[in-house]
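As stored in coords-v7.pdb (PDB, C-alpha atoms, pLDDT in the B column):
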ATOM      1  CA  MET S 242      94.694  90.663  77.121  1.00 62.00           C
ATOM      2  CA  LYS S 243      94.754  87.234  75.426  1.00 69.00           C
ATOM      3  CA  HIS S 244      92.552  85.523  78.038  1.00 73.00           C
ATOM      4  CA  ALA S 245      89.210  86.646  79.425  1.00 81.00           C
ATOM      5  CA  ILE S 246      88.056  87.021  83.002  1.00 86.00           C
ATOM      6  CA  ASP S 247      85.164  84.615  83.593  1.00 90.00           C
ATOM      7  CA  PRO S 248      82.347  86.471  85.413  1.00 92.00           C
ATOM      8  CA  VAL S 249      81.161  83.226  87.056  1.00 94.00           C
ATOM      9  CA  LEU S 250      84.611  82.646  88.565  1.00 94.00           C
ATOM     10  CA  HIS S 251      84.961  86.265  89.671  1.00 90.00           C
ATOM     11  CA  ALA S 252      83.404  85.549  93.098  1.00 92.00           C
ATOM     12  CA  PRO S 253      86.301  84.595  95.457  1.00 92.00           C
ATOM     13  CA  ALA S 254      84.596  81.497  96.884  1.00 95.00           C
ATOM     14  CA  ARG S 255      83.762  80.178  93.409  1.00 96.00           C
ATOM     15  CA  LEU S 256      87.345  80.708  92.288  1.00 96.00           C
ATOM     16  CA  GLN S 257      88.597  78.750  95.314  1.00 97.00           C
ATOM     17  CA  ILE S 258      86.114  75.930  94.664  1.00 97.00           C
ATOM     18  CA  ALA S 259      87.286  75.757  91.046  1.00 97.00           C
ATOM     19  CA  ALA S 260      90.948  75.866  92.172  1.00 96.00           C
ATOM     20  CA  LEU S 261      90.340  72.878  94.434  1.00 97.00           C
ATOM     21  CA  LEU S 262      88.367  70.886  91.864  1.00 97.00           C
ATOM     22  CA  ALA S 263      91.048  71.586  89.226  1.00 95.00           C
ATOM     23  CA  ARG S 264      93.497  69.600  91.377  1.00 94.00           C
ATOM     24  CA  VAL S 265      91.335  66.539  92.087  1.00 95.00           C
ATOM     25  CA  ASP S 266      89.091  64.307  90.003  1.00 94.00           C
ATOM     26  CA  GLU S 267      86.143  64.605  92.376  1.00 95.00           C
ATOM     27  CA  ALA S 268      85.531  65.963  95.882  1.00 96.00           C
ATOM     28  CA  GLU S 269      82.746  65.523  98.395  1.00 96.00           C
ATOM     29  CA  PHE S 270      80.708  68.483  99.682  1.00 96.00           C
ATOM     30  CA  SER S 271      82.102  68.492 103.247  1.00 95.00           C
ATOM     31  CA  THR S 272      85.699  68.189 102.009  1.00 96.00           C
ATOM     32  CA  ILE S 273      85.223  71.214  99.737  1.00 97.00           C
ATOM     33  CA  ARG S 274      83.562  73.122 102.594  1.00 97.00           C
ATOM     34  CA  ASP S 275      86.467  72.401 104.967  1.00 96.00           C
ATOM     35  CA  ILE S 276      89.195  73.299 102.467  1.00 95.00           C
ATOM     36  CA  VAL S 277      87.516  76.431 101.070  1.00 95.00           C
ATOM     37  CA  GLU S 278      86.398  77.412 104.591  1.00 94.00           C
ATOM     38  CA  VAL S 279      82.817  78.421 103.852  1.00 95.00           C
ATOM     39  CA  SER S 280      79.478  77.492 105.412  1.00 96.00           C
ATOM     40  CA  ASP S 281      77.221  74.757 104.006  1.00 96.00           C
ATOM     41  CA  SER S 282      74.732  77.300 102.665  1.00 96.00           C
ATOM     42  CA  VAL S 283      77.386  79.455 100.968  1.00 96.00           C
ATOM     43  CA  LEU S 284      78.990  76.393  99.373  1.00 97.00           C
ATOM     44  CA  SER S 285      75.632  75.088  98.230  1.00 96.00           C
ATOM     45  CA  LYS S 286      74.812  78.432  96.592  1.00 97.00           C
ATOM     46  CA  HIS S 287      78.159  78.669  94.806  1.00 97.00           C
ATOM     47  CA  LEU S 288      78.116  75.049  93.648  1.00 97.00           C
ATOM     48  CA  SER S 289      74.658  75.627  92.174  1.00 96.00           C
ATOM     49  CA  ALA S 290      75.916  78.732  90.331  1.00 96.00           C
ATOM     50  CA  LEU S 291      78.935  76.830  88.994  1.00 97.00           C
ATOM     51  CA  GLY S 292      76.674  73.942  87.993  1.00 96.00           C
ATOM     52  CA  GLU S 293      74.255  76.254  86.168  1.00 96.00           C
ATOM     53  CA  ALA S 294      77.189  77.800  84.275  1.00 96.00           C
ATOM     54  CA  GLY S 295      78.253  74.307  83.203  1.00 96.00           C
ATOM     55  CA  HIS S 296      81.578  74.587  85.048  1.00 97.00           C
ATOM     56  CA  VAL S 297      80.852  71.932  87.666  1.00 97.00           C
ATOM     57  CA  ARG S 298      79.151  68.544  87.517  1.00 97.00           C
ATOM     58  CA  LEU S 299      77.258  67.529  90.663  1.00 97.00           C
ATOM     59  CA  ARG S 300      76.116  64.030  91.543  1.00 96.00           C
ATOM     60  CA  LYS S 301      74.619  62.324  94.576  1.00 94.00           C
ATOM     61  CA  ALA S 302      76.104  59.062  95.800  1.00 89.00           C
ATOM     62  CA  ALA S 303      75.879  57.057  98.997  1.00 81.00           C
ATOM     63  CA  LEU S 304      78.909  56.996 101.273  1.00 75.00           C
ATOM     64  CA  GLU S 305      78.776  55.055 104.545  1.00 75.00           C
ATOM     65  CA  GLY S 306      75.004  54.783 104.250  1.00 81.00           C
ATOM     66  CA  ARG S 307      74.368  58.511 103.673  1.00 86.00           C
ATOM     67  CA  GLN S 308      73.652  60.413 100.482  1.00 91.00           C
ATOM     68  CA  ARG S 309      76.478  62.840  99.726  1.00 93.00           C
ATOM     69  CA  THR S 310      77.046  65.397  97.010  1.00 95.00           C
ATOM     70  CA  TRP S 311      80.163  64.977  94.879  1.00 96.00           C
ATOM     71  CA  ALA S 312      81.480  67.741  92.628  1.00 97.00           C
ATOM     72  CA  SER S 313      83.920  67.697  89.736  1.00 97.00           C
ATOM     73  CA  LEU S 314      85.005  70.263  87.139  1.00 97.00           C
ATOM     74  CA  THR S 315      83.612  69.748  83.662  1.00 97.00           C
ATOM     75  CA  ARG S 316      85.909  70.009  80.646  1.00 95.00           C
ATOM     76  CA  SER S 317      84.554  73.496  79.913  1.00 95.00           C
ATOM     77  CA  GLY S 318      84.896  74.413  83.593  1.00 96.00           C
ATOM     78  CA  ARG S 319      88.550  73.371  83.550  1.00 94.00           C
ATOM     79  CA  LYS S 320      89.140  75.450  80.408  1.00 94.00           C
ATOM     80  CA  ALA S 321      87.345  78.461  81.903  1.00 95.00           C
ATOM     81  CA  PHE S 322      89.355  78.181  85.126  1.00 95.00           C
ATOM     82  CA  THR S 323      92.666  77.937  83.238  1.00 94.00           C
ATOM     83  CA  ALA S 324      91.785  80.947  81.043  1.00 94.00           C
ATOM     84  CA  HIS S 325      90.625  82.934  84.089  1.00 94.00           C
ATOM     85  CA  VAL S 326      93.896  82.290  85.953  1.00 94.00           C
ATOM     86  CA  GLN S 327      95.925  83.196  82.858  1.00 93.00           C
ATOM     87  CA  ALA S 328      93.956  86.454  82.564  1.00 93.00           C
ATOM     88  CA  LEU S 329      94.699  87.234  86.222  1.00 93.00           C
ATOM     89  CA  GLN S 330      98.391  86.482  85.691  1.00 92.00           C
ATOM     90  CA  GLU S 331      98.456  88.722  82.596  1.00 91.00           C
ATOM     91  CA  MET S 332      96.876  91.582  84.577  1.00 89.00           C
ATOM     92  CA  VAL S 333      99.477  91.255  87.312  1.00 89.00           C
ATOM     93  CA  SER S 334     102.445  90.994  84.937  1.00 88.00           C
ATOM     94  CA  GLN S 335     101.219  93.986  82.880  1.00 84.00           C
ATOM     95  CA  ALA S 336     100.971  96.026  86.081  1.00 80.00           C
ATOM     96  CA  GLN S 337     104.479  94.938  87.096  1.00 81.00           C
ATOM     97  CA  GLU S 338     105.830  95.893  83.661  1.00 81.00           C
ATOM     98  CA  ALA S 339     104.134  99.300  83.890  1.00 80.00           C
ATOM     99  CA  ILE S 340     105.708  99.927  87.302  1.00 80.00           C
ATOM    100  CA  ALA S 341     109.141  98.823  86.046  1.00 79.00           C
ATOM    101  CA  ALA S 342     108.852 101.131  83.008  1.00 78.00           C
ATOM    102  CA  GLN S 343     108.191 104.209  85.173  1.00 73.00           C
TER     103      GLN S 343
ATOM    104  CA  MET P 280      88.613  93.949  88.171  1.00 73.00           C
ATOM    105  CA  ASN P 281      91.735  95.926  89.098  1.00 81.00           C
ATOM    106  CA  ASN P 282      95.302  94.718  89.588  1.00 82.00           C
ATOM    107  CA  LEU P 283      95.029  94.440  93.369  1.00 86.00           C
ATOM    108  CA  GLU P 284      91.942  92.252  93.032  1.00 88.00           C
ATOM    109  CA  ALA P 285      93.852  90.091  90.547  1.00 90.00           C
ATOM    110  CA  VAL P 286      96.712  89.671  93.035  1.00 91.00           C
ATOM    111  CA  ASP P 287      94.200  88.820  95.785  1.00 92.00           C
ATOM    112  CA  ALA P 288      92.482  86.268  93.535  1.00 93.00           C
ATOM    113  CA  LEU P 289      95.796  84.563  92.691  1.00 94.00           C
ATOM    114  CA  SER P 290      96.737  84.518  96.399  1.00 94.00           C
ATOM    115  CA  SER P 291      93.401  82.912  97.286  1.00 94.00           C
ATOM    116  CA  ILE P 292      94.107  80.137  94.769  1.00 95.00           C
ATOM    117  CA  GLN P 293      97.507  79.547  96.381  1.00 94.00           C
ATOM    118  CA  ARG P 294      95.955  79.420  99.860  1.00 94.00           C
ATOM    119  CA  THR P 295      93.371  76.884  98.668  1.00 95.00           C
ATOM    120  CA  GLU P 296      96.075  74.742  97.076  1.00 95.00           C
ATOM    121  CA  GLY P 297      98.126  74.974 100.288  1.00 94.00           C
ATOM    122  CA  ARG P 298      95.160  73.712 102.336  1.00 94.00           C
ATOM    123  CA  LEU P 299      94.620  70.922  99.800  1.00 95.00           C
ATOM    124  CA  ALA P 300      98.319  70.001 100.157  1.00 94.00           C
ATOM    125  CA  ASN P 301      97.787  69.537 103.899  1.00 92.00           C
ATOM    126  CA  HIS P 302      94.718  67.385 103.251  1.00 91.00           C
ATOM    127  CA  ALA P 303      96.299  65.244 100.515  1.00 90.00           C
ATOM    128  CA  ARG P 304      98.257  62.721 102.567  1.00 92.00           C
ATOM    129  CA  TRP P 305      97.995  59.017 101.847  1.00 94.00           C
ATOM    130  CA  SER P 306      99.256  56.246 104.141  1.00 94.00           C
ATOM    131  CA  PHE P 307     102.084  53.896 103.160  1.00 96.00           C
ATOM    132  CA  GLY P 308      99.468  51.133 103.125  1.00 95.00           C
ATOM    133  CA  ARG P 309      97.516  52.969 100.418  1.00 94.00           C
ATOM    134  CA  HIS P 310     100.644  53.293  98.260  1.00 96.00           C
ATOM    135  CA  ALA P 311     101.450  49.612  98.856  1.00 97.00           C
ATOM    136  CA  MET P 312      97.888  48.678  97.807  1.00 96.00           C
ATOM    137  CA  PHE P 313      98.495  50.352  94.454  1.00 96.00           C
ATOM    138  CA  GLY P 314     101.832  48.519  94.097  1.00 97.00           C
ATOM    139  CA  LEU P 315     100.229  45.192  95.024  1.00 97.00           C
ATOM    140  CA  MET P 316      97.427  45.742  92.513  1.00 97.00           C
ATOM    141  CA  GLU P 317      99.939  46.273  89.693  1.00 97.00           C
ATOM    142  CA  GLY P 318     102.157  43.428  90.937  1.00 97.00           C
ATOM    143  CA  LEU P 319      99.260  40.948  91.037  1.00 97.00           C
ATOM    144  CA  ILE P 320      98.074  41.792  87.528  1.00 97.00           C
ATOM    145  CA  ILE P 321     101.592  41.677  86.042  1.00 97.00           C
ATOM    146  CA  ALA P 322     102.552  38.428  87.837  1.00 97.00           C
ATOM    147  CA  GLY P 323      99.214  36.905  86.826  1.00 96.00           C
ATOM    148  CA  VAL P 324      99.858  37.423  83.120  1.00 96.00           C
ATOM    149  CA  ALA P 325     102.688  34.831  83.239  1.00 96.00           C
ATOM    150  CA  GLN P 326     100.501  32.162  84.856  1.00 95.00           C
ATOM    151  CA  PRO P 327      98.047  29.568  83.463  1.00 95.00           C
ATOM    152  CA  ILE P 328      94.600  30.958  82.618  1.00 94.00           C
ATOM    153  CA  ALA P 329      92.823  29.998  85.888  1.00 95.00           C
ATOM    154  CA  VAL P 330      95.572  31.494  88.087  1.00 95.00           C
ATOM    155  CA  CYS P 331      95.829  34.522  85.775  1.00 96.00           C
ATOM    156  CA  GLY P 332      92.063  35.107  86.076  1.00 96.00           C
ATOM    157  CA  ALA P 333      92.132  34.846  89.865  1.00 97.00           C
ATOM    158  CA  MET P 334      95.124  37.204  90.193  1.00 97.00           C
ATOM    159  CA  THR P 335      93.638  39.743  87.770  1.00 96.00           C
ATOM    160  CA  ALA P 336      90.324  39.654  89.662  1.00 97.00           C
ATOM    161  CA  ALA P 337      92.199  40.191  92.943  1.00 97.00           C
ATOM    162  CA  GLY P 338      94.104  43.123  91.367  1.00 96.00           C
ATOM    163  CA  LEU P 339      90.906  44.729  90.083  1.00 96.00           C
ATOM    164  CA  ALA P 340      89.250  44.230  93.493  1.00 97.00           C
ATOM    165  CA  LEU P 341      92.229  46.012  95.083  1.00 95.00           C
ATOM    166  CA  MET P 342      91.831  48.871  92.612  1.00 94.00           C
ATOM    167  CA  ALA P 343      88.155  49.225  93.574  1.00 94.00           C
ATOM    168  CA  ALA P 344      89.155  49.098  97.260  1.00 93.00           C
ATOM    169  CA  CYS P 345      91.742  51.874  96.689  1.00 92.00           C
ATOM    170  CA  ILE P 346      89.136  54.145  95.067  1.00 91.00           C
ATOM    171  CA  MET P 347      86.533  53.467  97.775  1.00 90.00           C
ATOM    172  CA  GLU P 348      89.073  53.995 100.552  1.00 90.00           C
ATOM    173  CA  ASP P 349      90.184  57.334  99.054  1.00 91.00           C
ATOM    174  CA  ARG P 350      86.596  58.532  98.799  1.00 91.00           C
ATOM    175  CA  ARG P 351      85.709  57.359 102.319  1.00 91.00           C
ATOM    176  CA  ARG P 352      88.839  58.540 104.126  1.00 91.00           C
ATOM    177  CA  HIS P 353      89.694  61.723 102.201  1.00 92.00           C
ATOM    178  CA  GLY P 354      86.340  62.767 100.723  1.00 93.00           C
ATOM    179  CA  MET P 355      87.979  63.099  97.329  1.00 94.00           C
ATOM    180  CA  PHE P 356      89.556  61.080  94.564  1.00 94.00           C
ATOM    181  CA  VAL P 357      92.719  61.947  92.638  1.00 93.00           C
ATOM    182  CA  SER P 358      93.422  59.560  89.759  1.00 88.00           C
ATOM    183  CA  GLY P 359      97.112  60.294  89.357  1.00 85.00           C
ATOM    184  CA  TRP P 360      96.810  61.669  85.816  1.00 85.00           C
ATOM    185  CA  GLN P 361      96.789  65.267  87.050  1.00 83.00           C
ATOM    186  CA  PRO P 362      98.445  67.846  84.793  1.00 82.00           C
ATOM    187  CA  GLY P 363     101.676  69.324  86.130  1.00 84.00           C
ATOM    188  CA  ALA P 364     104.790  67.971  87.826  1.00 87.00           C
ATOM    189  CA  THR P 365     103.371  64.461  88.345  1.00 92.00           C
ATOM    190  CA  ARG P 366     102.588  63.835  84.652  1.00 93.00           C
ATOM    191  CA  PRO P 367     106.180  62.909  83.545  1.00 94.00           C
ATOM    192  CA  LEU P 368     106.437  60.453  86.452  1.00 96.00           C
ATOM    193  CA  MET P 369     103.160  58.808  85.404  1.00 96.00           C
ATOM    194  CA  ILE P 370     104.359  58.484  81.800  1.00 96.00           C
ATOM    195  CA  ILE P 371     107.632  56.863  82.931  1.00 96.00           C
ATOM    196  CA  LEU P 372     105.699  54.560  85.277  1.00 97.00           C
ATOM    197  CA  MET P 373     103.304  53.477  82.529  1.00 96.00           C
ATOM    198  CA  LEU P 374     106.273  52.693  80.246  1.00 97.00           C
ATOM    199  CA  LEU P 375     107.889  50.622  83.012  1.00 97.00           C
ATOM    200  CA  VAL P 376     104.604  48.804  83.699  1.00 97.00           C
ATOM    201  CA  ALA P 377     104.207  48.082  79.978  1.00 97.00           C
ATOM    202  CA  ALA P 378     107.791  46.693  79.865  1.00 98.00           C
ATOM    203  CA  LEU P 379     107.156  44.487  82.922  1.00 97.00           C
ATOM    204  CA  LEU P 380     103.867  43.319  81.409  1.00 97.00           C
ATOM    205  CA  ALA P 381     105.692  42.409  78.184  1.00 97.00           C
ATOM    206  CA  ALA P 382     108.339  40.529  80.204  1.00 97.00           C
ATOM    207  CA  SER P 383     105.617  38.626  82.051  1.00 96.00           C
ATOM    208  CA  LEU P 384     103.944  37.729  78.752  1.00 95.00           C
ATOM    209  CA  TRP P 385     107.304  36.582  77.396  1.00 96.00           C
ATOM    210  CA  VAL P 386     107.866  34.047  80.245  1.00 95.00           C
ATOM    211  CA  ARG P 387     104.299  32.705  80.012  1.00 93.00           C
ATOM    212  CA  ASN P 388     103.839  29.215  78.572  1.00 89.00           C
ATOM    213  CA  GLY P 389     100.141  28.897  79.379  1.00 84.00           C
ATOM    214  CA  GLU P 390     100.414  25.461  81.037  1.00 87.00           C
ATOM    215  CA  THR P 391     102.547  25.680  84.164  1.00 92.00           C
ATOM    216  CA  ILE P 392     103.084  28.133  87.008  1.00 93.00           C
ATOM    217  CA  GLN P 393     106.003  30.429  86.158  1.00 94.00           C
ATOM    218  CA  PRO P 394     108.037  31.461  89.253  1.00 95.00           C
ATOM    219  CA  LEU P 395     109.803  34.086  87.128  1.00 96.00           C
ATOM    220  CA  GLY P 396     106.385  35.722  86.606  1.00 96.00           C
ATOM    221  CA  PHE P 397     106.074  36.162  90.386  1.00 97.00           C
ATOM    222  CA  ALA P 398     109.572  37.704  90.468  1.00 97.00           C
ATOM    223  CA  ILE P 399     108.513  40.180  87.745  1.00 97.00           C
ATOM    224  CA  GLY P 400     105.355  40.900  89.777  1.00 97.00           C
ATOM    225  CA  ALA P 401     107.501  41.561  92.850  1.00 98.00           C
ATOM    226  CA  VAL P 402     109.593  44.048  90.862  1.00 98.00           C
ATOM    227  CA  ALA P 403     106.351  45.719  89.694  1.00 98.00           C
ATOM    228  CA  PHE P 404     105.168  45.907  93.317  1.00 98.00           C
ATOM    229  CA  VAL P 405     108.362  47.678  94.453  1.00 98.00           C
ATOM    230  CA  VAL P 406     108.512  50.011  91.427  1.00 98.00           C
ATOM    231  CA  CYS P 407     104.831  51.007  91.630  1.00 97.00           C
ATOM    232  CA  THR P 408     104.846  51.505  95.413  1.00 98.00           C
ATOM    233  CA  ALA P 409     107.972  53.688  95.159  1.00 98.00           C
ATOM    234  CA  ALA P 410     106.470  55.641  92.233  1.00 97.00           C
ATOM    235  CA  SER P 411     103.247  56.193  94.173  1.00 96.00           C
ATOM    236  CA  LEU P 412     105.185  57.552  97.171  1.00 97.00           C
ATOM    237  CA  ARG P 413     107.162  59.842  94.836  1.00 97.00           C
ATOM    238  CA  TRP P 414     103.927  60.945  93.122  1.00 96.00           C
ATOM    239  CA  GLU P 415     102.476  62.133  96.438  1.00 96.00           C
ATOM    240  CA  LYS P 416     105.660  64.101  97.220  1.00 95.00           C
ATOM    241  CA  LEU P 417     105.570  65.841  93.818  1.00 95.00           C
ATOM    242  CA  TYR P 418     101.813  66.511  94.028  1.00 95.00           C
ATOM    243  CA  ARG P 419     102.005  68.033  97.484  1.00 93.00           C
ATOM    244  CA  ALA P 420     105.143  70.047  96.657  1.00 93.00           C
ATOM    245  CA  GLU P 421     103.456  71.530  93.587  1.00 92.00           C
ATOM    246  CA  LEU P 422     100.308  72.403  95.540  1.00 91.00           C
ATOM    247  CA  GLY P 423     102.441  73.903  98.281  1.00 84.00           C
ATOM    248  CA  LYS P 424     104.127  76.317  95.926  1.00 76.00           C
ATOM    249  CA  GLY P 425     100.912  77.365  94.234  1.00 58.00           C
ATOM    250  CA  GLY P 426     101.074  74.860  91.414  1.00 47.00           C
ATOM    251  CA  GLN P 427     100.993  75.123  87.647  1.00 45.00           C
ATOM    252  CA  ARG P 428      97.804  75.042  85.665  1.00 46.00           C
TER     253      ARG P 428
END
Mind turning this structure into structure tokens?
Amino acid sequence: MKHAIDPVLHAPARLQIAALLARVDEAEFSTIRDIVEVSDSVLSKHLSALGEAGHVRLRKAALEGRQRTWASLTRSGRKAFTAHVQALQEMVSQAQEAIAAQ
Amino acid sequence: MNNLEAVDALSSIQRTEGRLANHARWSFGRHAMFGLMEGLIIAGVAQPIAVCGAMTAAGLALMAACIMEDRRRHGMFVSGWQPGATRPLMIILMLLVAALLAASLWVRNGETIQPLGFAIGAVAFVVCTAASLRWEKLYRAELGKGGQR
């Protein structure tokens, strides 16, 4: 396989968070929670893990008088996500080729 | 990871992008704000320095308002320079904007108000509003089908 599976993105919720952030410049905590359909605590845990891996940048900013957490993919996070998806696609296409060859 | 898990993972990405497609809807007013911002800046270039400064400031204020409104209303910001199907449209739009900007500069004499500059700004308003509407269609269509990375 040309591309590697990223162990940080292996968790389904983290992969979905990365998929969302890959399509926007920045998203707010509650928007991510609603789209990925996870609880606050689960999202918080996964965002921390992605932040520690250097895949996601987190910042606090006021919105309508309240402090909110905003998340965006880092350059390395975007690269890791792209490589991870390509690795998944390679796995699937190799399996399809193997089935077709039988 | 086995092949079934890989298929599941790819499906989960598509589902997330589908939900984002439902969330990513901007009003006509938001598209028109972008068009007005470009139109003001381009029309301003043809005008005397004081008018040009005022129109550019108004355009930049509109840009800030667009960003704040997106963050407040949608809880996210998408700049427009996303990779994928929308990128060619953005390149064409930037070329058109550069051509209109050059035309506005060409009619400028620096001393008097140039009505032709306002006409060029009006063209920029229509072109940019239409391009923004088209951009949203392409963006949502690409998300809806799973998208390209």
Legend entry - Interatomic distance, atom CA of His244 of chain S to atom CA of Ala328 of chain S (Å, one decimal):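 Atom-to-atom, atom CA of His244 of chain S to atom CA of Ala328 of chain S, that is 4.8 Å.
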Inset, instruction - Can you turn the PyMOL selection byres ((chain S) within 9 of (chain P)) into a concrete residue list for this file, as a PyMOL selection string? - result: chain S and resi 246+251+253-254+256-261+263-273+276-277+304-305+311+323+326-330+332-333+335-336
Inset, instruction - Run through the PyMOL selection byres ((chain S and resi 301) around 10) on the given coordinates and return the selected residues as a VMD selection string. - result: chain S and resid 269 299 to 300 302 to 304 307 to 312
Legend entry - Shell around segment 280-293 of chain S at 6 Å using all atoms listed in the file, local window under 4 positions removed, as number ranges by chain: S: 255, 297-298
Inset, instruction - Please identify all polymer residues within 9 Å of Ser317 of chain S, counting all atoms listed in the file, omitting same-chain residues fewer than 4 positions from it, and present them as number ranges by chain. - result: S: 295-297, 321-322
